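Novice: Got a file for you: upload-v2.txt, compact mmCIF, C-alpha atoms.
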```txt
# COMPACT_ATOMS: atom_id res chain seq x y z
CA MET A 442 33.34 74.91 44.81
CA ASP A 443 30.82 74.65 41.97
CA ILE A 444 30.01 70.92 41.66
CA SER A 445 27.56 69.86 38.97
CA VAL A 446 27.96 66.07 39.21
CA LEU A 447 29.01 64.02 42.23
CA GLY A 448 30.20 60.46 41.65
CA VAL A 449 30.19 58.22 44.73
CA ASP A 450 31.88 54.82 44.93
CA LEU A 451 30.24 53.22 47.96
CA GLY A 452 32.20 51.12 50.44
CA LYS A 453 31.29 49.41 53.70
CA ASN A 454 32.98 52.12 55.77
CA VAL A 455 34.92 54.47 53.47
CA CYS A 456 33.53 55.94 50.22
CA SER A 457 35.40 57.63 47.36
CA VAL A 458 33.89 60.85 46.04
CA VAL A 459 34.66 62.70 42.80
CA GLY A 460 33.07 66.03 41.89
CA LEU A 461 32.78 67.37 38.33
CA ASP A 462 32.04 70.94 37.31
CA VAL A 463 29.75 72.01 34.46
CA SER A 464 32.49 71.38 31.87
CA GLY A 465 33.11 67.85 33.18
CA ALA A 466 36.49 68.62 34.76
CA VAL A 467 37.36 66.99 38.08
CA VAL A 468 37.30 69.63 40.84
CA MET A 469 37.18 67.39 43.90
CA ARG A 470 38.59 64.02 44.94
CA ARG A 471 38.04 62.80 48.44
CA LYS A 472 37.78 59.71 50.61
CA VAL A 473 35.15 60.02 53.35
CA ARG A 474 33.33 57.82 55.81
CA ARG A 475 29.60 57.28 55.32
CA GLU A 476 28.68 59.71 58.08
CA THR A 477 30.95 62.39 56.62
CA LEU A 478 29.51 61.74 53.16
CA ILE A 479 26.00 62.60 54.37
CA ALA A 480 27.28 65.82 55.96
CA LEU A 481 29.14 66.69 52.73
CA ALA A 482 26.01 66.18 50.63
CA GLU A 483 24.05 68.40 52.99
CA LYS A 484 26.51 71.30 52.47
CA LEU A 485 26.65 71.02 48.67
CA ALA A 486 24.28 72.90 46.39
CA PRO A 487 21.74 70.62 44.62
CA CYS A 488 23.53 68.57 41.96
CA VAL A 489 23.39 65.21 40.19
CA VAL A 490 24.57 62.39 42.47
CA GLY A 491 25.54 59.14 40.72
CA MET A 492 25.99 55.82 42.50
CA GLU A 493 26.02 52.14 41.60
CA ALA A 494 22.87 50.28 42.65
CA CYS A 495 24.48 48.22 45.40
CA CYS A 496 23.96 47.54 49.10
CA GLY A 497 23.08 50.74 50.94
CA ALA A 498 22.65 52.84 47.79
CA HIS A 499 18.88 53.20 48.11
CA HIS A 500 19.12 54.39 51.73
CA LEU A 501 21.78 56.99 50.93
CA GLY A 502 19.87 57.94 47.80
CA ARG A 503 16.77 58.80 49.83
CA VAL A 504 18.92 60.84 52.24
CA PHE A 505 20.56 62.77 49.38
CA ALA A 506 17.21 63.33 47.67
CA ALA A 507 15.91 64.91 50.89
CA TYR A 508 18.70 67.49 50.54
CA GLY A 509 17.49 68.39 47.04
CA HIS A 510 19.98 66.37 44.99
CA ASP A 511 19.06 64.53 41.79
CA VAL A 512 19.99 60.95 42.71
CA ARG A 513 20.64 58.49 39.86
CA LEU A 514 21.48 54.85 40.48
CA MET A 515 23.05 52.68 37.78
CA SER A 516 23.73 49.00 37.28
CA PRO A 517 27.45 48.28 37.90
CA GLU A 518 27.78 46.56 34.51
CA TYR A 519 26.72 49.79 32.78
CA VAL A 520 29.36 51.78 34.69
CA ARG A 521 32.24 49.40 33.96
CA PRO A 522 33.05 50.71 30.42
CA TYR A 523 33.69 54.21 31.83
CA ILE A 524 36.33 53.08 34.34
CA LYS A 525 39.93 53.59 33.19
CA ALA A 526 42.82 51.14 33.53
CA GLN A 527 44.60 50.62 36.84
CA LYS A 528 41.27 50.32 38.65
CA ASN A 529 40.96 51.80 42.12
CA ASP A 530 38.26 53.45 44.24
CA ASP A 531 39.01 56.98 42.99
CA ARG A 532 38.81 55.93 39.35
CA ASP A 533 35.62 54.00 40.09
CA ALA A 534 34.06 57.20 41.47
CA GLU A 535 35.30 59.14 38.44
CA GLY A 536 33.82 56.54 36.08
CA ILE A 537 30.49 56.71 37.96
CA ALA A 538 30.46 60.51 37.64
CA GLU A 539 31.12 60.26 33.90
CA ALA A 540 28.60 57.46 33.31
CA VAL A 541 25.77 59.31 35.07
CA THR A 542 26.02 62.17 32.56
CA ARG A 543 25.51 59.94 29.49
CA PRO A 544 22.16 60.67 27.76
CA THR A 545 21.57 57.00 26.90
CA MET A 546 22.33 55.65 30.39
CA ARG A 547 19.63 53.53 32.03
CA PHE A 548 18.96 54.22 35.67
CA VAL A 549 17.59 52.15 38.53
CA GLU A 550 14.57 53.64 40.26
CA LEU A 551 15.17 54.72 43.84
CA LYS A 552 13.24 52.29 46.03
CA SER A 553 11.20 53.23 49.07
CA GLN A 554 11.67 51.62 52.47
CA ASP A 555 8.42 49.68 51.96
CA GLN A 556 9.73 48.21 48.69
CA LEU A 557 13.03 47.21 50.29
CA ASP A 558 11.18 45.62 53.21
CA MET A 559 9.07 43.56 50.83
CA GLN A 560 12.14 42.45 48.86
CA THR A 561 13.79 41.40 52.12
CA LEU A 562 10.75 39.29 53.03
CA HIS A 563 10.92 37.58 49.65
CA ARG A 564 14.63 36.82 50.02
CA SER A 565 14.02 35.44 53.51
CA ARG A 566 11.22 33.20 52.24
CA ASP A 567 13.41 32.03 49.35
CA ARG A 568 16.15 31.06 51.84
CA LEU A 569 13.65 28.97 53.82
CA VAL A 570 12.44 27.25 50.65
CA GLY A 571 16.06 26.42 49.81
CA GLU A 572 16.62 24.97 53.28
CA ARG A 573 13.47 22.86 52.95
CA THR A 574 14.56 21.57 49.52
CA ALA A 575 18.00 20.66 50.88
CA LEU A 576 16.40 18.83 53.80
CA ILE A 577 14.08 16.87 51.50
CA ASN A 578 16.98 15.90 49.21
CA GLN A 579 19.00 14.74 52.22
CA LEU A 580 16.09 12.61 53.43
CA ARG A 581 15.74 10.95 50.04
CA ALA A 582 19.49 10.27 49.95
CA ILE A 583 19.43 8.71 53.44
CA LEU A 584 16.60 6.38 52.43
CA LEU A 585 18.23 5.52 49.09
CA GLU A 586 21.43 4.43 50.88
CA ARG A 587 19.23 1.90 52.71
CA GLY A 588 17.53 0.56 49.59
CA MET A 589 14.35 2.66 49.77
CA VAL A 590 13.67 4.76 46.66
CA ALA A 591 11.49 7.63 47.84
CA PRO A 592 9.36 9.36 45.19
CA GLN A 593 10.13 12.90 44.04
CA GLY A 594 7.92 15.73 45.19
CA LYS A 595 7.20 17.07 48.65
CA ARG A 596 3.70 15.67 49.00
CA LYS A 597 4.61 12.22 47.67
CA LEU A 598 7.58 12.02 50.02
CA GLU A 599 5.33 12.93 52.97
CA GLN A 600 2.97 10.06 52.06
CA PHE A 601 5.95 7.69 51.65
CA LEU A 602 7.32 8.59 55.11
CA THR A 603 3.87 8.18 56.69
CA VAL A 604 3.55 4.66 55.26
CA MET A 605 7.10 3.90 56.43
CA ASP A 606 6.22 4.99 59.97
CA GLU A 607 3.14 2.77 59.95
CA GLN A 608 5.41 -0.16 59.04
CA GLY A 609 7.65 0.50 62.05
CA GLY A 610 10.49 2.15 60.18
CA ALA A 611 10.68 -0.42 57.34
CA GLY A 612 13.99 -1.87 58.51
CA LEU A 613 15.74 1.35 59.53
CA SER A 614 17.95 1.28 62.60
CA PRO A 615 16.57 2.96 65.75
CA ARG A 616 19.05 5.84 65.40
CA MET A 617 18.01 6.48 61.78
CA ILE A 618 14.33 6.41 62.75
CA VAL A 619 15.04 9.18 65.30
CA LEU A 620 17.04 11.14 62.71
CA VAL A 621 14.27 10.93 60.10
CA ALA A 622 11.70 11.98 62.71
CA ASP A 623 13.86 14.98 63.62
CA ALA A 624 14.21 15.95 59.95
CA ARG A 625 10.42 15.75 59.53
CA ALA A 626 9.99 18.04 62.55
CA GLN A 627 12.37 20.57 60.97
CA TRP A 628 10.47 20.20 57.71
CA ALA A 629 7.17 20.97 59.45
CA GLU A 630 8.67 24.04 61.12
CA LEU A 631 9.99 25.32 57.75
CA ASP A 632 6.53 24.78 56.24
CA ARG A 633 4.99 26.83 59.06
CA ARG A 634 7.43 29.72 58.60
CA ILE A 635 7.02 29.74 54.80
CA SER A 636 3.24 29.75 55.22
CA ALA A 637 3.55 32.77 57.54
CA PHE A 638 5.39 34.67 54.79
CA ASP A 639 2.72 33.69 52.25
CA THR A 640 -0.01 35.01 54.56
CA GLU A 641 1.85 38.30 54.91
CA PHE A 642 2.21 38.62 51.13
CA VAL A 643 -1.55 38.10 50.68
CA ARG A 644 -2.29 40.78 53.27
CA TRP A 645 0.14 43.23 51.65
CA VAL A 646 -1.32 42.67 48.18
CA LYS A 647 -4.84 43.40 49.47
CA GLU A 648 -3.60 46.77 50.75
CA ASN A 649 -1.64 47.72 47.62
CA GLU A 650 -3.66 48.91 44.61
CA GLU A 651 -1.02 48.10 41.98
CA ALA A 652 -0.48 44.59 43.35
CA ARG A 653 -4.25 43.97 43.40
CA ARG A 654 -4.45 44.84 39.70
CA LEU A 655 -1.59 42.46 38.92
CA THR A 656 -3.39 39.54 40.58
CA THR A 657 -6.15 39.83 37.94
CA ILE A 658 -3.63 38.38 35.46
CA PRO A 659 -3.72 34.56 35.25
CA GLY A 660 -0.48 33.10 36.57
CA ILE A 661 0.29 36.06 38.85
CA GLY A 662 -0.66 35.53 42.47
CA ALA A 663 0.26 37.27 45.69
CA ILE A 664 3.91 36.14 45.64
CA VAL A 665 4.63 37.31 42.08
CA ALA A 666 2.57 40.51 42.41
CA SER A 667 4.24 41.64 45.62
CA ALA A 668 7.72 40.80 44.31
CA LEU A 669 7.04 42.59 41.02
CA VAL A 670 5.76 45.79 42.64
CA ALA A 671 8.65 45.80 45.12
CA ALA A 672 11.29 45.29 42.41
CA VAL A 673 9.88 47.35 39.54
CA GLY A 674 8.17 50.22 41.34
CA ARG A 675 6.78 52.45 38.62
CA ALA A 676 6.08 50.97 35.18
CA GLU A 677 7.52 54.18 33.68
CA SER A 678 10.96 52.75 34.53
CA PHE A 679 10.59 50.71 31.32
CA ASP A 680 9.63 52.14 27.92
CA ARG A 681 7.89 48.95 26.78
CA GLY A 682 6.69 45.64 28.08
CA ARG A 683 9.51 44.02 26.10
CA ASP A 684 12.03 46.03 28.14
CA LEU A 685 10.57 44.63 31.37
CA ALA A 686 10.71 41.09 29.93
CA ALA A 687 14.34 41.70 28.87
CA TRP A 688 15.18 42.96 32.36
CA LEU A 689 13.82 39.68 33.71
CA GLY A 690 15.93 37.71 31.23
CA LEU A 691 12.87 36.28 29.43
CA VAL A 692 13.63 37.61 25.92
CA PRO A 693 15.16 35.02 23.54
CA ARG A 694 18.63 35.73 22.20
CA GLN A 695 18.82 35.67 18.40
CA PHE A 696 21.18 36.08 15.48
CA THR A 697 20.78 36.13 11.70
CA THR A 698 22.20 33.40 9.49
CA GLY A 699 21.60 33.21 5.77
CA GLY A 700 19.24 36.16 6.01
CA LYS A 701 16.97 34.31 8.45
CA PRO A 702 16.69 35.08 12.18
CA LYS A 703 17.50 32.15 14.45
CA LEU A 704 16.18 32.12 18.02
CA LEU A 705 18.29 30.77 20.87
CA GLY A 706 17.50 30.36 24.56
CA ILE A 707 16.49 33.20 26.85
CA SER A 708 19.21 35.54 28.08
CA LYS A 709 18.70 34.70 31.80
CA ARG A 710 19.92 38.18 32.74
CA GLY A 711 18.40 40.48 35.33
CA ASN A 712 16.28 39.48 38.30
CA LYS A 713 16.64 35.70 38.70
CA TYR A 714 14.15 35.45 41.57
CA LEU A 715 11.36 37.23 39.70
CA ARG A 716 12.04 35.27 36.54
CA ARG A 717 11.77 31.99 38.42
CA GLN A 718 8.52 33.01 40.11
CA LEU A 719 6.98 34.15 36.81
CA ILE A 720 7.90 30.86 35.15
CA HIS A 721 6.37 28.91 38.06
CA GLY A 722 3.18 30.95 37.70
CA ALA A 723 3.15 30.49 33.93
CA ARG A 724 3.56 26.71 34.26
CA ALA A 725 0.59 26.51 36.63
CA ALA A 726 -1.71 28.79 34.60
CA LEU A 727 -0.88 27.77 31.02
CA PRO A 728 -3.16 24.67 30.80
CA TYR A 729 -6.05 26.60 32.35
CA VAL A 730 -5.61 29.60 30.01
CA ALA A 731 -5.28 27.41 26.90
CA GLU A 732 -8.75 25.94 27.55
CA ARG A 733 -10.43 29.37 27.46
CA ASP A 734 -11.85 30.87 24.27
CA THR A 735 -10.19 34.27 24.73
CA PRO A 736 -7.47 36.07 22.72
CA LEU A 737 -4.86 35.00 25.28
CA GLY A 738 -6.29 31.48 25.45
CA ARG A 739 -6.23 31.03 21.67
CA TRP A 740 -2.66 32.31 21.55
CA ALA A 741 -1.62 29.89 24.32
CA LYS A 742 -3.36 26.92 22.67
CA GLU A 743 -1.70 27.59 19.31
CA LEU A 744 1.68 27.97 21.04
CA MET A 745 1.32 24.66 22.87
CA SER A 746 0.46 22.88 19.60
CA ARG A 747 3.75 23.82 17.92
CA ALA A 748 6.32 24.22 20.73
CA HIS A 749 7.79 22.06 23.45
CA HIS A 750 5.96 22.43 26.77
CA ASN A 751 8.92 24.08 28.53
CA VAL A 752 9.40 26.51 25.64
CA ALA A 753 5.71 27.37 25.76
CA VAL A 754 5.91 27.98 29.53
CA VAL A 755 8.80 30.44 29.17
CA ALA A 756 7.07 32.18 26.26
CA PHE A 757 3.93 32.49 28.37
CA ALA A 758 6.02 33.93 31.24
CA ASN A 759 7.36 36.50 28.75
CA LYS A 760 3.77 37.33 27.79
CA LEU A 761 2.79 37.70 31.47
CA ALA A 762 5.65 40.17 32.03
CA ARG A 763 4.44 42.32 29.12
CA ILE A 764 0.85 42.17 30.34
CA ALA A 765 2.01 43.13 33.84
CA TRP A 766 3.79 46.19 32.42
CA ALA A 767 0.63 47.25 30.56
CA VAL A 768 -1.52 46.80 33.68
CA LEU A 769 0.86 48.90 35.76
CA ARG A 770 1.35 51.55 33.07
CA ARG A 771 -2.33 52.05 32.24
CA GLY A 772 -3.69 51.66 35.76
CA GLU A 773 -6.29 49.12 34.60
CA ARG A 774 -7.17 45.58 35.57
CA PHE A 775 -6.50 42.74 33.16
CA ALA A 776 -9.50 41.57 31.13
CA ALA A 777 -9.35 38.14 29.48
CA THR A 778 -11.58 39.38 26.63
CA GLY A 779 -8.98 41.91 25.59
CA MET A 780 -11.12 44.89 26.65
CA PRO A 781 -9.66 47.04 29.48
CA MET A 782 -11.45 47.15 32.84
CA ALA A 783 -11.56 50.07 35.23
CA ALA A 784 -9.24 49.77 38.17
```
Could you render the structure as structure tokens?

Specialist:
Amino acid sequence: MDISVLGVDLGKNVCSVVGLDVSGAVVMRRKVRRETLIALAEKLAPCVVGMEACCGAHHLGRVFAAYGHDVRLMSPEYVRPYIKAQKNDDRDAEGIAEAVTRPTMRFVELKSQDQLDMQTLHRSRDRLVGERTALINQLRAILLERGMVAPQGKRKLEQFLTVMDEQGGAGLSPRMIVLVADARAQWAELDRRISAFDTEFVRWVKENEEARRLTTIPGIGAIVASALVAAVGRAESFDRGRDLAAWLGLVPRQFTTGGKPKLLGISKRGNKYLRRQLIHGARAALPYVAERDTPLGRWAKELMSRAHHNVAVVAFANKLARIAWAVLRRGERFAATGMPMAA
């Protein structure tokens, strides 16, 4: 059986497989378990293997690549137009096989185990931050129900609770005092675990050359640098810095009316976690950068003079994404003067 393209629709246990010959005709349809799929790929002659970039795809992709296959992962939304009516697993696999042959298709880079491990650490840290935020919001709600308006912000709330303890609970019932103390203990434990992740990110960045170069950019620290390297991989995955910014959802949507372009909000597509971290970094670094007499500083200062602060922050995050692409693509450190520096 001469198979040129293999389309695989991944499932938790059973996968649908469709094989196309050189002319694009379907020569194989099969449902196999994951273990059987690996054995099938080992027997086939090297061919193009197309899969959607979903859970488990990167692991199987590395296995198939070890057998000499050309593995190409695609975003599910790019595959959807090639799937015929009466959707089922076989037609999904056929649509994947057809989509992978398109010359204009965009592919997802196959990630290494190290990249996936780093992304997992970031998702775990993000879950802990969400738990801490929920705990803080619950504490403020408990106090508000008892007539105490606690200030917003983690540090201010800590100071408020310390003063409340010094006042003997400020009128709270004994049971509520115990509950608040228990919540503060959970809060402290979450802080400790989040700090452990941050320490690990700093250590990883020191050992990774690409991440170290990214940290020379203002607004990009260990968290953003490690997440960016883990998610993007090679800068060659994107043709331009604008493409990376678009993938992060930081490019403004626009349309033309009366012959004039009108800008709308950002698209908010792509990697939500990375976009949020870049915007946090941009918000922290923007005032500092705007005070510097550098090309980037002058651009930031002029932007802040004519745009709302939040708009300027997102625009600066867009700029940071483009700079990050250039730093990764050229293998150079960022120089505030505009002149490249040796890595």

Novice: Hey, what's within 8 Å of A:His510 if we count only C-alpha atoms and toss same-chain stuff fewer than 2 positions away? As an mmCIF file with C-alpha atoms, keeping the file's coordinate frame, please?

Specialist:
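Ended up saving to selection27.cif:
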```cif
data_model
loop_
_atom_site.group_PDB
_atom_site.id
_atom_site.type_symbol
_atom_site.label_atom_id
_atom_site.label_comp_id
_atom_site.auth_asym_id
_atom_site.auth_seq_id
_atom_site.Cartn_x
_atom_site.Cartn_y
_atom_site.Cartn_z
ATOM 1 C CA ALA A 486 24.280 72.900 46.390
ATOM 2 C CA PRO A 487 21.740 70.620 44.620
ATOM 3 C CA CYS A 488 23.530 68.570 41.960
ATOM 4 C CA VAL A 489 23.390 65.210 40.190
ATOM 5 C CA VAL A 490 24.570 62.390 42.470
ATOM 6 C CA PHE A 505 20.560 62.770 49.380
ATOM 7 C CA ALA A 506 17.210 63.330 47.670
ATOM 8 C CA ALA A 507 15.910 64.910 50.890
ATOM 9 C CA TYR A 508 18.700 67.490 50.540
ATOM 10 C CA VAL A 512 19.990 60.950 42.710
#
```

Novice: Write out as a PyMOL selection string the residues lying within 6 Å of stretch 452-462 of chain A, counting all atoms listed in the file and excluding same-chain residues fewer than 4 positions away.

Specialist: chain A and resi 444-448+466-474+530-531+534-535

Novice: Write out the residues from the selection above, keeping C-alpha atoms, as a PDB file, keeping the file's coordinate frame.

Specialist:
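The resulting file, result-v3.pdb, is shown below:
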```
ATOM      1  CA  ILE A 444      30.010  70.920  41.660  1.00  0.00           C
ATOM      2  CA  SER A 445      27.560  69.860  38.970  1.00  0.00           C
ATOM      3  CA  VAL A 446      27.960  66.070  39.210  1.00  0.00           C
ATOM      4  CA  LEU A 447      29.010  64.020  42.230  1.00  0.00           C
ATOM      5  CA  GLY A 448      30.200  60.460  41.650  1.00  0.00           C
ATOM      6  CA  ALA A 466      36.490  68.620  34.760  1.00  0.00           C
ATOM      7  CA  VAL A 467      37.360  66.990  38.080  1.00  0.00           C
ATOM      8  CA  VAL A 468      37.300  69.630  40.840  1.00  0.00           C
ATOM      9  CA  MET A 469      37.180  67.390  43.900  1.00  0.00           C
ATOM     10  CA  ARG A 470      38.590  64.020  44.940  1.00  0.00           C
ATOM     11  CA  ARG A 471      38.040  62.800  48.440  1.00  0.00           C
ATOM     12  CA  LYS A 472      37.780  59.710  50.610  1.00  0.00           C
ATOM     13  CA  VAL A 473      35.150  60.020  53.350  1.00  0.00           C
ATOM     14  CA  ARG A 474      33.330  57.820  55.810  1.00  0.00           C
ATOM     15  CA  ASP A 530      38.260  53.450  44.240  1.00  0.00           C
ATOM     16  CA  ASP A 531      39.010  56.980  42.990  1.00  0.00           C
ATOM     17  CA  ALA A 534      34.060  57.200  41.470  1.00  0.00           C
ATOM     18  CA  GLU A 535      35.300  59.140  38.440  1.00  0.00           C
TER      19      GLU A 535
END
```

Novice: Place a sphere of radius 7 Å on (-0.2, 37.6, 47.2) in the file coordinates and name every protein, DNA or RNA residue with an atom inside or on its surface, counting all atoms listed in the file; give the answer as a PDB file with C-alpha atoms, in the frame of the given file.

Specialist:
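selection.pdb, written as the output of this step:
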```
ATOM      1  CA  PHE A 642       2.210  38.620  51.130  1.00  0.00           C
ATOM      2  CA  VAL A 643      -1.550  38.100  50.680  1.00  0.00           C
ATOM      3  CA  VAL A 646      -1.320  42.670  48.180  1.00  0.00           C
ATOM      4  CA  GLY A 662      -0.660  35.530  42.470  1.00  0.00           C
ATOM      5  CA  ALA A 663       0.260  37.270  45.690  1.00  0.00           C
ATOM      6  CA  ILE A 664       3.910  36.140  45.640  1.00  0.00           C
ATOM      7  CA  ALA A 666       2.570  40.510  42.410  1.00  0.00           C
ATOM      8  CA  SER A 667       4.240  41.640  45.620  1.00  0.00           C
TER       9      SER A 667
END
```

Novice: Give the answer as one residue: which of A:Leu584, A:Leu514, A:Val504, A:Leu478 has the shortest atom-to-atom distance to A:Phe601, using only C-alpha atoms?

Specialist: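 Counting only C-alpha atoms, the residue closest to A:Phe601 is A:Leu584.
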
Novice: If we count only C-alpha atoms and set the cut-off at 10 Å, which residues sit around A:Arg675, ignoring sequence neighbours fewer than 4 positions away in its own chain? Please answer as a list of chain:residue names.

Specialist: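 Returned residues: A:Glu550, A:Lys552, A:Glu651, A:Val670, A:Ala671, A:Phe679, A:Trp766, A:Leu769, A:Arg770.
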
Novice: Would you save the residues from that selection as an mmCIF file, in the coordinates of the input, using C-alpha atoms?

Specialist:
```
data_model
loop_
_atom_site.group_PDB
_atom_site.id
_atom_site.type_symbol
_atom_site.label_atom_id
_atom_site.label_comp_id
_atom_site.auth_asym_id
_atom_site.auth_seq_id
_atom_site.Cartn_x
_atom_site.Cartn_y
_atom_site.Cartn_z
ATOM 1 C CA GLU A 550 14.570 53.640 40.260
ATOM 2 C CA LYS A 552 13.240 52.290 46.030
ATOM 3 C CA GLU A 651 -1.020 48.100 41.980
ATOM 4 C CA VAL A 670 5.760 45.790 42.640
ATOM 5 C CA ALA A 671 8.650 45.800 45.120
ATOM 6 C CA PHE A 679 10.590 50.710 31.320
ATOM 7 C CA TRP A 766 3.790 46.190 32.420
ATOM 8 C CA LEU A 769 0.860 48.900 35.760
ATOM 9 C CA ARG A 770 1.350 51.550 33.070
#
```
